[in-house]
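This report refers to the structure that appears directly beneath it.
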Amino acid sequence: MTTRTATQKPADDQPFDFNLDAVKAEAELTPWRVNWGGRRWEFAHMDDFDMWPFIKNGSAAGIDEMAMILRTALGDEAWAEFQQIPIKRYKMKALFDGYQKYCGVDPGESPASSDS
């Protein structure tokens, strides 16, 4: 019998705590249609955006803290690999909420906040 060390990773087919592949959008991700200047404009649904460009630029509210926490949790090497898979906003939210819940943090509160 071998002892699992901190450097060994379970195979991808082993049990996991959260299945991000199974997360579905709560709403239909249809575009928002606007008439302006005699023309029809279609804005893609925000939840359908790939979040990596926003994370890399730190251009969404709270995204810097979320990215820092997830990067720390995965480690730099795994984080680099994880970012190679496009991730929609609703999945990123579900992932972060699920991670906070698993760690005992109420998703409504900041994970870095203290009870003062």
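Chain lettering (A, B, ...) mirrors the order of the structure tokens, residue numbering begins at 1 for each chain separately, and ligand numbering begins at 1 in order of display.
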
Name the residues in contact with Phe96 (chain A) at a cut-off of 12 Å, using only C-alpha atoms, excluding same-chain residues fewer than 6 positions from it; report them as a PDB file with C-alpha atoms, in the first residue's frame.
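Wrote it out as out-v2.pdb, contents follow:
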ATOM      1  CA  PHE A  18     -17.912  20.058  -7.364  1.00  0.00           C
ATOM      2  CA  LEU A  20     -18.309  22.674 -12.872  1.00  0.00           C
ATOM      3  CA  GLY A  62     -14.524  41.935  -7.232  1.00  0.00           C
ATOM      4  CA  ILE A  63     -12.776  39.948  -9.938  1.00  0.00           C
ATOM      5  CA  GLU A  65     -10.047  39.221  -5.207  1.00  0.00           C
ATOM      6  CA  MET A  66     -11.827  36.209  -6.735  1.00  0.00           C
ATOM      7  CA  ALA A  67      -8.947  35.532  -9.128  1.00  0.00           C
ATOM      8  CA  MET A  68      -6.349  35.914  -6.369  1.00  0.00           C
ATOM      9  CA  ILE A  69      -8.203  33.465  -4.116  1.00  0.00           C
ATOM     10  CA  LEU A  70      -8.708  30.875  -6.861  1.00  0.00           C
ATOM     11  CA  ARG A  71      -5.120  31.235  -8.087  1.00  0.00           C
ATOM     12  CA  ALA A  73      -6.068  27.762  -4.050  1.00  0.00           C
ATOM     13  CA  ARG A  89     -19.570  34.175 -16.017  1.00  0.00           C
ATOM     14  CA  TYR A  90     -22.320  32.003 -14.523  1.00  0.00           C
ATOM     15  CA  TYR A 102     -17.004  24.274   0.839  1.00  0.00           C
ATOM     16  CA  CYS A 103     -14.565  26.401   2.861  1.00  0.00           C
ATOM     17  CA  VAL A 105     -17.596  31.074   3.948  1.00  0.00           C
ATOM     18  CA  ASP A 106     -21.060  32.525   3.323  1.00  0.00           C
ATOM     19  CA  PRO A 107     -20.991  33.599  -0.380  1.00  0.00           C
ATOM     20  CA  GLY A 108     -22.768  36.813   0.682  1.00  0.00           C
ATOM     21  CA  SER A 110     -16.238  38.687   1.661  1.00  0.00           C
ATOM     22  CA  PRO A 111     -13.929  35.702   2.302  1.00  0.00           C
TER      23      PRO A 111
END

Give me, as a tab-separated table, each residue of region 50-100 of chain A that comes within 10 Å of region 21-41 of chain A, together with its shortest interatomic pair and the distance in Å at one decimal, counting only C-alpha atoms, with rows ordered by chain and rising residue number.
residue	atom	partner	partner_atom	distance
A:Ile87	CA	A:Asp21	CA	10.0
A:Lys88	CA	A:Ala25	CA	9.1
A:Arg89	CA	A:Ala25	CA	9.2
A:Tyr90	CA	A:Ala25	CA	6.0
A:Lys91	CA	A:Val23	CA	6.3
A:Met92	CA	A:Val23	CA	9.7
A:Ala94	CA	A:Val23	CA	7.3
A:Leu95	CA	A:Val23	CA	8.8

Store the residues picked out above in a file with N, CA, C and O atoms, as a compact mmCIF listing (two decimals), in the first residue's frame.
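Done, and the output landed in again-v7.txt:
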# COMPACT_ATOMS: atom_id res chain seq x y z
N ILE A 87 -14.29 29.99 -19.64
CA ILE A 87 -15.28 29.82 -18.57
C ILE A 87 -16.27 30.98 -18.62
O ILE A 87 -15.87 32.14 -18.68
N LYS A 88 -17.53 30.64 -18.63
CA LYS A 88 -18.59 31.65 -18.67
C LYS A 88 -18.78 32.27 -17.29
O LYS A 88 -18.42 31.69 -16.27
N ARG A 89 -19.37 33.44 -17.27
CA ARG A 89 -19.57 34.18 -16.02
C ARG A 89 -20.38 33.37 -15.01
O ARG A 89 -20.05 33.30 -13.83
N TYR A 90 -21.47 32.75 -15.45
CA TYR A 90 -22.32 32.00 -14.52
C TYR A 90 -21.57 30.80 -13.93
O TYR A 90 -21.78 30.44 -12.78
N LYS A 91 -20.67 30.22 -14.71
CA LYS A 91 -19.88 29.10 -14.18
C LYS A 91 -18.83 29.60 -13.20
O LYS A 91 -18.57 28.96 -12.19
N MET A 92 -18.21 30.73 -13.51
CA MET A 92 -17.23 31.30 -12.59
C MET A 92 -17.90 31.63 -11.26
O MET A 92 -17.36 31.36 -10.19
N ALA A 94 -20.66 30.24 -10.02
CA ALA A 94 -21.00 28.98 -9.36
C ALA A 94 -19.76 28.34 -8.74
O ALA A 94 -19.81 27.82 -7.63
N LEU A 95 -18.64 28.39 -9.45
CA LEU A 95 -17.39 27.84 -8.94
C LEU A 95 -16.96 28.57 -7.67
O LEU A 95 -16.67 27.93 -6.65

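Using only C-alpha atoms, the residues found no farther than 12 Å from Asp64 (chain A), other than those of its own chain fewer than 6 positions away, are Met51, Trp52, Pro53, Phe54, Ile55, Lys56, Asn57, Gly58, Leu70 and Arg71 of chain A.
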
Can you list every residue in chain A that DSSP puts in alpha helix (DSSP H), as a PyMOL selection string? chain A and resi 52-57+63-74+76-82+89-102

Strand (DSSP E) positions in chain A, given as a ChimeraX atom specification: /A:32-36,39-43

With N, CA and C atoms kept, could you save the residues just selected as a tab-separated table (two decimals), in the first residue's frame?
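Once everything was written out, this is again_23.tsv:
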chain	number	residue	atom	x	y	z
A	32	TRP	N	-29.44	40.78	-25.63
A	32	TRP	CA	-30.31	41.90	-25.31
A	32	TRP	C	-30.41	42.76	-26.56
A	33	ARG	N	-31.61	42.94	-27.07
A	33	ARG	CA	-31.81	43.64	-28.34
A	33	ARG	C	-32.29	45.06	-28.09
A	34	VAL	N	-31.62	46.00	-28.74
A	34	VAL	CA	-31.90	47.42	-28.54
A	34	VAL	C	-32.08	48.08	-29.89
A	35	ASN	N	-33.07	48.94	-29.98
A	35	ASN	CA	-33.25	49.76	-31.17
A	35	ASN	C	-32.70	51.14	-30.86
A	36	TRP	N	-31.76	51.57	-31.68
A	36	TRP	CA	-31.19	52.89	-31.49
A	36	TRP	C	-30.63	53.39	-32.81
A	39	ARG	N	-31.47	51.42	-36.00
A	39	ARG	CA	-30.78	50.15	-36.21
A	39	ARG	C	-31.00	49.23	-35.01
A	40	ARG	N	-30.96	47.94	-35.27
A	40	ARG	CA	-31.09	46.93	-34.21
A	40	ARG	C	-29.69	46.56	-33.75
A	41	TRP	N	-29.48	46.61	-32.43
A	41	TRP	CA	-28.21	46.25	-31.81
A	41	TRP	C	-28.43	45.05	-30.91
A	42	GLU	N	-27.53	44.09	-30.93
A	42	GLU	CA	-27.63	42.93	-30.07
A	42	GLU	C	-26.41	42.87	-29.16
A	43	PHE	N	-26.68	42.90	-27.87
A	43	PHE	CA	-25.65	42.79	-26.86
A	43	PHE	C	-25.65	41.36	-26.34

How many Å lie between CA of Gln8 (chain A) and CA of Asp76 (chain A), rounded to one decimal?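 So the two atoms, CA of Gln8 (chain A) and CA of Asp76 (chain A), lie 16.2 Å apart.
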
Between CA of Asp12 (chain A) and CA of Ala78 (chain A), distance in Å (one decimal):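 Going from CA of Asp12 (chain A) over to CA of Ala78 (chain A) covers 13.4 Å.
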